[in-house]
>>> print(open('my_file-v6.cif').read())   # mmCIF, C-alpha atoms
data_model
loop_
_atom_site.group_PDB
_atom_site.id
_atom_site.type_symbol
_atom_site.label_atom_id
_atom_site.label_comp_id
_atom_site.auth_asym_id
_atom_site.auth_seq_id
_atom_site.Cartn_x
_atom_site.Cartn_y
_atom_site.Cartn_z
ATOM 1 C CA MET A 847 123.788 172.833 57.317
ATOM 2 C CA LYS A 848 127.491 172.071 56.964
ATOM 3 C CA HIS A 849 127.798 172.654 53.251
ATOM 4 C CA ARG A 850 125.576 174.838 51.125
ATOM 5 C CA ASN A 851 125.813 174.746 47.381
ATOM 6 C CA PRO A 852 124.242 178.076 46.342
ATOM 7 C CA LEU A 853 123.065 176.566 43.049
ATOM 8 C CA PHE A 854 121.372 173.562 44.662
ATOM 9 C CA PRO A 855 117.931 175.135 45.274
ATOM 10 C CA TYR A 856 117.680 176.031 41.588
ATOM 11 C CA ILE A 857 119.005 172.681 40.350
ATOM 12 C CA TYR A 858 116.594 170.929 42.719
ATOM 13 C CA GLY A 859 113.729 173.165 41.619
ATOM 14 C CA LEU A 860 114.368 172.289 37.970
ATOM 15 C CA GLY A 861 115.086 168.573 38.369
ATOM 16 C CA MET A 862 112.656 167.529 41.071
ATOM 17 C CA PRO A 863 109.500 167.891 38.950
ATOM 18 C CA ILE A 864 110.947 165.254 36.614
ATOM 19 C CA PHE A 865 111.740 162.876 39.484
ATOM 20 C CA ASP A 866 108.326 163.596 40.998
ATOM 21 C CA ARG A 867 106.544 162.614 37.801
ATOM 22 C CA LEU A 868 108.675 159.490 37.429
ATOM 23 C CA PHE A 869 108.161 158.131 40.930
ATOM 24 C CA TYR A 870 108.164 160.471 43.946
ATOM 25 C CA ARG A 871 104.680 161.918 43.417
ATOM 26 C CA ARG A 872 102.864 158.689 44.331
ATOM 27 C CA TYR A 873 105.055 158.276 47.425
ATOM 28 C CA ARG A 874 104.536 161.897 48.464
ATOM 29 C CA ARG A 875 100.766 161.472 48.132
ATOM 30 C CA THR A 876 100.828 158.266 50.212
ATOM 31 C CA ALA A 877 103.061 159.758 52.902
ATOM 32 C CA MET A 878 101.104 162.985 53.176
ATOM 33 C CA SER A 879 97.810 161.081 53.417
ATOM 34 C CA LEU A 880 98.988 160.019 56.900
ATOM 35 C CA ALA A 881 99.283 163.598 58.161
ATOM 36 C CA THR A 882 96.561 164.937 60.404
ATOM 37 C CA GLY A 883 95.697 167.958 62.536
ATOM 38 C CA ARG A 884 98.421 170.530 63.141
ATOM 39 C CA LEU A 885 101.231 169.623 60.719
ATOM 40 C CA LEU A 886 104.886 170.639 60.782
ATOM 41 C CA ILE A 887 107.004 170.014 57.696
ATOM 42 C CA VAL A 888 110.721 169.827 58.481
ATOM 43 C CA GLY A 889 112.806 170.881 55.482
ATOM 44 C CA LEU A 890 109.995 172.145 53.265
ATOM 45 C CA GLY A 891 112.242 172.597 50.227
ATOM 46 C CA PRO A 892 110.346 174.122 47.288
ATOM 47 C CA GLY A 893 107.037 173.086 48.881
ATOM 48 C CA THR A 894 106.072 170.133 46.703
ATOM 49 C CA ASP A 895 104.519 168.261 49.642
ATOM 50 C CA LEU A 896 101.995 171.088 50.079
ATOM 51 C CA MET A 897 100.224 169.866 46.927
ATOM 52 C CA PHE A 898 99.243 166.638 48.700
ATOM 53 C CA LEU A 899 97.770 167.877 51.980
ATOM 54 C CA PRO A 900 94.819 165.745 53.042
ATOM 55 C CA PRO A 901 91.636 167.338 54.428
ATOM 56 C CA THR A 902 92.544 165.947 57.877
ATOM 57 C CA VAL A 903 95.293 168.605 58.181
ATOM 58 C CA THR A 904 93.968 171.681 59.987
ATOM 59 C CA SER A 905 97.075 173.929 59.887
ATOM 60 C CA VAL A 906 100.552 173.841 58.372
ATOM 61 C CA ALA A 907 103.869 175.232 59.580
ATOM 62 C CA ALA A 908 107.300 174.538 58.136
ATOM 63 C CA VAL A 909 110.978 175.096 58.816
ATOM 64 C CA GLU A 910 113.407 175.531 55.934
ATOM 65 C CA PRO A 911 116.985 176.862 56.194
ATOM 66 C CA GLU A 912 117.411 177.935 52.555
ATOM 67 C CA ALA A 913 115.978 181.357 51.661
ATOM 68 C CA ALA A 914 115.574 180.410 47.987
ATOM 69 C CA MET A 915 113.601 177.304 48.950
ATOM 70 C CA ARG A 916 111.382 179.337 51.307
ATOM 71 C CA ARG A 917 110.602 181.735 48.453
ATOM 72 C CA MET A 918 109.789 178.858 46.073
ATOM 73 C CA ALA A 919 107.593 177.166 48.684
ATOM 74 C CA GLY A 920 105.771 180.395 49.487
ATOM 75 C CA ALA A 921 105.013 180.967 45.805
ATOM 76 C CA LEU A 922 103.761 177.390 45.378
ATOM 77 C CA ALA A 923 101.603 177.675 48.512
ATOM 78 C CA ARG A 924 99.977 180.839 47.160
ATOM 79 C CA ARG A 925 99.311 179.162 43.782
ATOM 80 C CA CYS A 926 97.747 176.159 45.571
ATOM 81 C CA GLY A 927 95.767 178.293 48.009
ATOM 82 C CA VAL A 928 97.503 176.734 51.019
ATOM 83 C CA GLU A 929 98.085 178.773 54.162
ATOM 84 C CA VAL A 930 101.461 177.850 55.634
ATOM 85 C CA ASP A 931 103.708 179.533 58.168
ATOM 86 C CA ILE A 932 107.244 179.071 56.748
ATOM 87 C CA LEU A 933 110.058 179.859 59.177
ATOM 88 C CA ASP A 934 113.809 180.067 58.691
ATOM 89 C CA GLY A 935 115.031 177.147 60.739
ATOM 90 C CA VAL A 936 116.776 173.802 60.916
ATOM 91 C CA GLY A 937 115.666 170.423 62.185
ATOM 92 C CA GLU A 938 118.175 170.470 65.027
ATOM 93 C CA ALA A 939 116.513 173.546 66.597
ATOM 94 C CA ILE A 940 112.825 173.629 65.661
ATOM 95 C CA PRO A 941 111.454 177.045 66.731
ATOM 96 C CA PHE A 942 108.168 175.818 68.217
ATOM 97 C CA PRO A 943 107.154 174.879 71.767
ATOM 98 C CA ASP A 944 106.836 171.317 73.052
ATOM 99 C CA ASN A 945 103.759 169.321 71.957
ATOM 100 C CA SER A 946 102.835 171.830 69.199
ATOM 101 C CA PHE A 947 101.951 169.411 66.393
ATOM 102 C CA ASP A 948 99.804 166.368 65.753
ATOM 103 C CA SER A 949 101.961 165.329 62.778
ATOM 104 C CA VAL A 950 105.505 166.067 61.652
ATOM 105 C CA HIS A 951 106.560 165.308 58.090
ATOM 106 C CA ALA A 952 110.206 164.663 57.208
ATOM 107 C CA GLY A 953 110.396 164.370 53.440
ATOM 108 C CA LEU A 954 113.756 163.904 51.740
ATOM 109 C CA VAL A 955 115.463 165.913 54.486
ATOM 110 C CA LEU A 956 116.995 163.547 57.049
ATOM 111 C CA CYS A 957 119.764 162.831 54.536
ATOM 112 C CA SER A 958 120.999 166.410 54.756
ATOM 113 C CA VAL A 959 120.531 167.607 58.325
ATOM 114 C CA ASP A 960 123.773 168.060 60.255
ATOM 115 C CA ASP A 961 122.660 165.905 63.183
ATOM 116 C CA VAL A 962 120.001 163.254 62.537
ATOM 117 C CA ALA A 963 119.653 162.278 66.200
ATOM 118 C CA ALA A 964 119.191 165.901 67.296
ATOM 119 C CA THR A 965 116.631 166.492 64.526
ATOM 120 C CA LEU A 966 114.649 163.408 65.512
ATOM 121 C CA GLY A 967 114.854 164.522 69.152
ATOM 122 C CA GLU A 968 113.412 167.906 68.193
ATOM 123 C CA ILE A 969 110.662 166.225 66.170
ATOM 124 C CA ARG A 970 109.779 164.093 69.209
ATOM 125 C CA ARG A 971 109.755 167.239 71.390
ATOM 126 C CA VAL A 972 107.321 169.195 69.182
ATOM 127 C CA LEU A 973 105.013 166.215 68.569
ATOM 128 C CA ALA A 974 101.989 166.123 70.860
ATOM 129 C CA PRO A 975 101.472 162.906 72.823
ATOM 130 C CA GLY A 976 100.164 160.305 70.377
ATOM 131 C CA GLY A 977 101.437 162.416 67.458
ATOM 132 C CA ARG A 978 102.586 160.920 64.199
ATOM 133 C CA LEU A 979 105.922 161.098 62.374
ATOM 134 C CA VAL A 980 105.312 160.953 58.618
ATOM 135 C CA VAL A 981 108.417 159.991 56.633
ATOM 136 C CA LEU A 982 109.463 159.878 52.979
ATOM 137 C CA GLU A 983 113.220 159.423 52.787
ATOM 138 C CA HIS A 984 115.866 157.783 50.690
ATOM 139 C CA VAL A 985 118.167 155.479 52.641
ATOM 140 C CA ARG A 986 121.372 153.513 52.223
ATOM 141 C CA GLY A 987 120.720 150.465 50.076
ATOM 142 C CA ASP A 988 121.954 146.940 50.614
ATOM 143 C CA GLY A 989 124.750 145.145 48.799
ATOM 144 C CA LEU A 990 126.147 146.713 45.651
ATOM 145 C CA MET A 991 123.803 149.736 45.830
ATOM 146 C CA GLY A 992 124.934 150.530 49.374
ATOM 147 C CA ARG A 993 128.581 150.285 48.374
ATOM 148 C CA PHE A 994 127.910 152.556 45.395
ATOM 149 C CA GLN A 995 126.240 155.099 47.710
ATOM 150 C CA ASP A 996 129.276 154.934 50.016
ATOM 151 C CA LEU A 997 131.555 155.588 47.037
ATOM 152 C CA ILE A 998 129.683 158.661 45.800
ATOM 153 C CA ALA A 999 128.772 160.050 49.247
ATOM 154 C CA LYS A 1000 131.430 162.806 49.401
ATOM 155 C CA PRO A 1001 131.029 164.278 45.899
ATOM 156 C CA TRP A 1002 127.248 163.881 46.054
ATOM 157 C CA SER A 1003 127.148 165.682 49.405
ATOM 158 C CA TRP A 1004 129.041 168.615 47.901
ATOM 159 C CA LEU A 1005 126.780 168.776 44.851
ATOM 160 C CA ALA A 1006 123.529 168.316 46.780
ATOM 161 C CA SER A 1007 124.108 170.706 49.711
ATOM 162 C CA GLY A 1008 124.978 168.120 52.319
ATOM 163 C CA CYS A 1009 122.756 165.222 51.223
ATOM 164 C CA GLU A 1010 124.391 161.990 52.343
ATOM 165 C CA PRO A 1011 122.917 159.207 50.181
ATOM 166 C CA ASN A 1012 124.303 156.463 52.418
ATOM 167 C CA ARG A 1013 122.681 157.460 55.713
ATOM 168 C CA ARG A 1014 121.064 154.666 57.683
ATOM 169 C CA THR A 1015 117.909 156.659 58.248
ATOM 170 C CA VAL A 1016 115.535 153.879 59.315
ATOM 171 C CA GLU A 1017 117.967 152.799 62.017
ATOM 172 C CA ALA A 1018 118.256 156.412 63.219
ATOM 173 C CA ILE A 1019 114.463 156.767 63.387
ATOM 174 C CA ALA A 1020 114.218 153.554 65.429
ATOM 175 C CA ALA A 1021 117.084 154.655 67.714
ATOM 176 C CA ALA A 1022 115.152 157.881 68.414
ATOM 177 C CA GLY A 1023 112.316 155.768 69.802
ATOM 178 C CA PHE A 1024 109.879 155.925 66.898
ATOM 179 C CA ASP A 1025 107.999 152.814 65.767
ATOM 180 C CA THR A 1026 109.346 151.861 62.329
ATOM 181 C CA SER A 1027 107.175 148.772 61.853
ATOM 182 C CA GLY A 1028 104.821 150.655 59.512
ATOM 183 C CA LEU A 1029 107.592 151.936 57.249
ATOM 184 C CA ARG A 1030 107.634 150.505 53.761
ATOM 185 C CA SER A 1031 110.779 150.148 51.690
ATOM 186 C CA VAL A 1032 110.776 150.584 47.915
ATOM 187 C CA ARG A 1033 113.873 149.785 45.837
ATOM 188 C CA ARG A 1034 114.911 152.498 43.405
#
>>> encode(input="my_file-v6.cif", output="C-alpha cells")
Amino acid sequence: MKHRNPLFPYIYGLGMPIFDRLFYRRYRRTAMSLATGRLLIVGLGPGTDLMFLPPTVTSVAAVEPEAAMRRMAGALARRCGVEVDILDGVGEAIPFPDNSFDSVHAGLVLCSVDDVAATLGEIRRVLAPGGRLVVLEHVRGDGLMGRFQDLIAKPWSWLASGCEPNRRTVEAIAAAGFDTSGLRSVRR
C-alpha cells in the first residue's frame, strides 16, 4: 500500500457502521450470498463481510495488510463464531497456492490496492477452475460525479489510506478476463 494513514483503520471502524446501516449492509448481504465453498476475502478490513457468510461457504481465509484491521476482524469473527484464517498480505501477492478457492470476495478494496491488474491476476491465479469472483466496489461515476471524484482523488487518497475514488474498476475487472455481465451498478 503506497500510503498508509495510521488513523484510517480507527476512522473506518467508527464510520463504517453508519454507512453500513444507511446502504452498504444490503449490498454486502447480496454480494456475499454469491460466495460458495472455500472463500478468500481480499482486504478483509474490520471483518464486516464475515457477518453475511452464506451456508454454502465451507471455509474462510483472508488477506489484510493493516494490523489494526486484522485485530478488529479477528475480534468480530470470534463474536460471530466464524472460523477464519486471517493472514498479513496484499492483493498483489496473495500467499496461497494456485486454484485454492472456489470464491474470492473483493469488497471495497480494489480502490486502494497499489496495482489493480496485479491483484486481479492474483485473484484469477488462486481461483479454482470455474471459481467465482464476488465483488462489491465503488467506482468512478459518470458526468459531474466522475469529475468530482477526479477533483478530490488526491486528498481523499491521503485521508483514506490510498483509496482512489475515481478508479475505473469495472473496466479493470473486464480487462483481467472476468465476466462483468452480471455486475449491477447502483448510483450513490
>>> resolve_selection(input="my_file-v6.cif", expression="the PyMOL selection byres ((chain A and resi 963-971) around 6)", output="PyMOL selection string")
chain A and resi 937-938+944+961-962+972-973
>>> residues_around(input="my_file-v6.cif", residues="stretch 894-906 of chain A", least_positions_apart="5", cutoff="12 Å", atoms="all atoms listed in the file", output="JSON, numbers by chain")
{"A": [858, 859, 862, 863, 865, 866, 867, 870, 871, 872, 873, 874, 875, 876, 877, 878, 879, 880, 881, 882, 883, 884, 885, 886, 887, 888, 889, 915, 916, 918, 919, 920, 921, 922, 923, 924, 925, 926, 927, 928, 929, 930, 931, 932, 933, 946, 947, 948, 949, 950, 951, 952, 953, 954, 980, 981, 982]}
>>> residues_around(input="my_file-v6.cif", residues="A:Val985", least_positions_apart="6", cutoff="6 Å", atoms="all atoms listed in the file", output="VMD selection string")
chain A and resid 1013 to 1015
>>> atom_distance(input="my_file-v6.cif", atom1="atom CA of A:His984", atom2="atom CA of A:Glu1017")
12.6 Å
>>> resolve_selection(input="my_file-v6.cif", expression="the PyMOL selection byres ((chain A and resi 1025) around 12)", output="number ranges by chain")
A: 970, 976-981, 1016-1024, 1026-1029
>>> atom_distance(input="my_file-v6.cif", atom1="atom CA of A:Val959", atom2="atom CA of A:Glu1010")
9.1 Å
>>> closest_residue(input="my_file-v6.cif", among="A:Gly893, A:Pro1011, A:Pro1001, A:Gly935", to="A:Val909", atoms="all atoms listed in the file")
A:Gly935
>>> atom_distance(input="my_file-v6.cif", atom1="atom CA of A:Asn945", atom2="atom CA of A:Pro975")
6.9 Å
>>> closest_residue(input="my_file-v6.cif", among="A:Asp934, A:Leu890, A:Ser1031, A:Cys957", to="A:Cys1009", atoms="only C-alpha atoms")
A:Cys957
>>> closest_residue(input="my_file-v6.cif", among="A:Ala914, A:Ala907, A:Leu990, A:Val955", to="A:Pro941", atoms="all atoms listed in the file")
A:Ala907
>>> residues_around(input="my_file-v6.cif", residues="A:Asn1012", least_positions_apart="6", cutoff="9 Å", atoms="only C-alpha atoms", output="ChimeraX atom specification")
/A:957,984-987,992-996,998-999
>>> write_last_selection(input="my_file-v6.cif", atoms="C-alpha atoms", output="PDB file, keeping the file's coordinate frame")
ATOM      1  CA  CYS A 957     119.764 162.831  54.536  1.00  0.00           C
ATOM      2  CA  HIS A 984     115.866 157.783  50.690  1.00  0.00           C
ATOM      3  CA  VAL A 985     118.167 155.479  52.641  1.00  0.00           C
ATOM      4  CA  ARG A 986     121.372 153.513  52.223  1.00  0.00           C
ATOM      5  CA  GLY A 987     120.720 150.465  50.076  1.00  0.00           C
ATOM      6  CA  GLY A 992     124.934 150.530  49.374  1.00  0.00           C
ATOM      7  CA  ARG A 993     128.581 150.285  48.374  1.00  0.00           C
ATOM      8  CA  PHE A 994     127.910 152.556  45.395  1.00  0.00           C
ATOM      9  CA  GLN A 995     126.240 155.099  47.710  1.00  0.00           C
ATOM     10  CA  ASP A 996     129.276 154.934  50.016  1.00  0.00           C
ATOM     11  CA  ILE A 998     129.683 158.661  45.800  1.00  0.00           C
ATOM     12  CA  ALA A 999     128.772 160.050  49.247  1.00  0.00           C
TER      13      ALA A 999
END
>>> axis_aligned_box(input="my_file-v6.cif", around="stretch 949-960 of chain A", padding_each_side="6 Å", output="AutoDock Vina command-line options")
--center_x 112.9 --center_y 165.4 --center_z 57.3 --size_x 33.8 --size_y 17.2 --size_z 23.0
>>> build_atoms(input="my_file-v6.cif", residues="stretch 897-933 of chain A", atoms="N, CA and C atoms", output="mmCIF file, in the coordinates of the input")
data_model
loop_
_atom_site.group_PDB
_atom_site.id
_atom_site.type_symbol
_atom_site.label_atom_id
_atom_site.label_comp_id
_atom_site.auth_asym_id
_atom_site.auth_seq_id
_atom_site.Cartn_x
_atom_site.Cartn_y
_atom_site.Cartn_z
ATOM 1 N N MET A 897 101.231 170.219 47.932
ATOM 2 C CA MET A 897 100.224 169.866 46.927
ATOM 3 C C MET A 897 99.428 168.629 47.319
ATOM 4 N N PHE A 898 99.869 167.911 48.346
ATOM 5 C CA PHE A 898 99.243 166.638 48.700
ATOM 6 C C PHE A 898 98.650 166.635 50.109
ATOM 7 N N LEU A 899 98.337 167.798 50.631
ATOM 8 C CA LEU A 899 97.770 167.877 51.980
ATOM 9 C C LEU A 899 96.376 167.244 52.003
ATOM 10 N N PRO A 900 96.155 166.333 52.936
ATOM 11 C CA PRO A 900 94.819 165.745 53.042
ATOM 12 C C PRO A 900 93.890 166.677 53.822
ATOM 13 N N PRO A 901 92.582 166.482 53.709
ATOM 14 C CA PRO A 901 91.636 167.338 54.428
ATOM 15 C C PRO A 901 91.720 167.187 55.946
ATOM 16 N N THR A 902 92.395 166.147 56.434
ATOM 17 C CA THR A 902 92.544 165.947 57.877
ATOM 18 C C THR A 902 93.541 166.917 58.501
ATOM 19 N N VAL A 903 94.330 167.613 57.681
ATOM 20 C CA VAL A 903 95.293 168.605 58.181
ATOM 21 C C VAL A 903 94.557 169.915 58.412
ATOM 22 N N THR A 904 94.688 170.456 59.627
ATOM 23 C CA THR A 904 93.968 171.681 59.987
ATOM 24 C C THR A 904 94.831 172.939 59.899
ATOM 25 N N SER A 905 96.168 172.794 60.026
ATOM 26 C CA SER A 905 97.075 173.929 59.887
ATOM 27 C C SER A 905 98.454 173.393 59.510
ATOM 28 N N VAL A 906 99.232 174.256 58.848
ATOM 29 C CA VAL A 906 100.552 173.841 58.372
ATOM 30 C C VAL A 906 101.590 174.889 58.747
ATOM 31 N N ALA A 907 102.692 174.408 59.327
ATOM 32 C CA ALA A 907 103.869 175.232 59.580
ATOM 33 C C ALA A 907 105.055 174.469 59.004
ATOM 34 N N ALA A 908 106.121 175.187 58.717
ATOM 35 C CA ALA A 908 107.300 174.538 58.136
ATOM 36 C C ALA A 908 108.562 175.269 58.560
ATOM 37 N N VAL A 909 109.656 174.503 58.633
ATOM 38 C CA VAL A 909 110.978 175.096 58.816
ATOM 39 C C VAL A 909 111.817 174.731 57.605
ATOM 40 N N GLU A 910 112.559 175.715 57.121
ATOM 41 C CA GLU A 910 113.407 175.531 55.934
ATOM 42 C C GLU A 910 114.580 176.502 56.050
ATOM 43 N N PRO A 911 115.827 175.985 56.014
ATOM 44 C CA PRO A 911 116.985 176.862 56.194
ATOM 45 C C PRO A 911 117.381 177.679 54.961
ATOM 46 N N GLU A 912 116.991 177.257 53.785
ATOM 47 C CA GLU A 912 117.411 177.935 52.555
ATOM 48 C C GLU A 912 116.407 178.998 52.133
ATOM 49 N N ALA A 913 116.864 180.253 52.040
ATOM 50 C CA ALA A 913 115.978 181.357 51.661
ATOM 51 C C ALA A 913 115.340 181.131 50.290
ATOM 52 N N ALA A 914 116.116 180.643 49.337
ATOM 53 C CA ALA A 914 115.574 180.410 47.987
ATOM 54 C C ALA A 914 114.457 179.373 48.027
ATOM 55 N N MET A 915 114.647 178.327 48.827
ATOM 56 C CA MET A 915 113.601 177.304 48.950
ATOM 57 C C MET A 915 112.357 177.874 49.627
ATOM 58 N N ARG A 916 112.534 178.716 50.640
ATOM 59 C CA ARG A 916 111.382 179.337 51.307
ATOM 60 C C ARG A 916 110.583 180.181 50.319
ATOM 61 N N ARG A 917 111.295 180.924 49.465
ATOM 62 C CA ARG A 917 110.602 181.735 48.453
ATOM 63 C C ARG A 917 109.824 180.845 47.483
ATOM 64 N N MET A 918 110.465 179.774 47.002
ATOM 65 C CA MET A 918 109.789 178.858 46.073
ATOM 66 C C MET A 918 108.555 178.241 46.729
ATOM 67 N N ALA A 919 108.703 177.803 47.975
ATOM 68 C CA ALA A 919 107.593 177.166 48.684
ATOM 69 C C ALA A 919 106.455 178.157 48.926
ATOM 70 N N GLY A 920 106.799 179.377 49.286
ATOM 71 C CA GLY A 920 105.771 180.395 49.487
ATOM 72 C C GLY A 920 104.981 180.661 48.218
ATOM 73 N N ALA A 921 105.686 180.740 47.085
ATOM 74 C CA ALA A 921 105.013 180.967 45.805
ATOM 75 C C ALA A 921 104.103 179.791 45.460
ATOM 76 N N LEU A 922 104.586 178.573 45.669
ATOM 77 C CA LEU A 922 103.761 177.390 45.378
ATOM 78 C C LEU A 922 102.538 177.347 46.302
ATOM 79 N N ALA A 923 102.722 177.669 47.573
ATOM 80 C CA ALA A 923 101.603 177.675 48.512
ATOM 81 C C ALA A 923 100.532 178.666 48.073
ATOM 82 N N ARG A 924 100.949 179.848 47.632
ATOM 83 C CA ARG A 924 99.977 180.839 47.160
ATOM 84 C C ARG A 924 99.232 180.325 45.932
ATOM 85 N N ARG A 925 99.956 179.711 44.988
ATOM 86 C CA ARG A 925 99.311 179.162 43.782
ATOM 87 C C ARG A 925 98.314 178.060 44.132
ATOM 88 N N CYS A 926 98.614 177.277 45.166
ATOM 89 C CA CYS A 926 97.747 176.159 45.571
ATOM 90 C C CYS A 926 96.680 176.572 46.573
ATOM 91 N N GLY A 927 96.733 177.823 47.033
ATOM 92 C CA GLY A 927 95.767 178.293 48.009
ATOM 93 C C GLY A 927 95.944 177.663 49.382
ATOM 94 N N VAL A 928 97.199 177.358 49.733
ATOM 95 C CA VAL A 928 97.503 176.734 51.019
ATOM 96 C C VAL A 928 98.094 177.780 51.951
ATOM 97 N N GLU A 929 97.521 177.884 53.149
ATOM 98 C CA GLU A 929 98.085 178.773 54.162
ATOM 99 C C GLU A 929 99.142 178.000 54.924
ATOM 100 N N VAL A 930 100.363 178.511 54.930
ATOM 101 C CA VAL A 930 101.461 177.850 55.634
ATOM 102 C C VAL A 930 102.360 178.912 56.254
ATOM 103 N N ASP A 931 102.782 178.660 57.462
ATOM 104 C CA ASP A 931 103.708 179.533 58.168
ATOM 105 C C ASP A 931 105.105 178.959 57.957
ATOM 106 N N ILE A 932 105.907 179.574 57.090
ATOM 107 C CA ILE A 932 107.244 179.071 56.748
ATOM 108 C C ILE A 932 108.289 179.882 57.504
ATOM 109 N N LEU A 933 109.034 179.193 58.379
ATOM 110 C CA LEU A 933 110.058 179.859 59.177
ATOM 111 C C LEU A 933 111.453 179.445 58.736
#
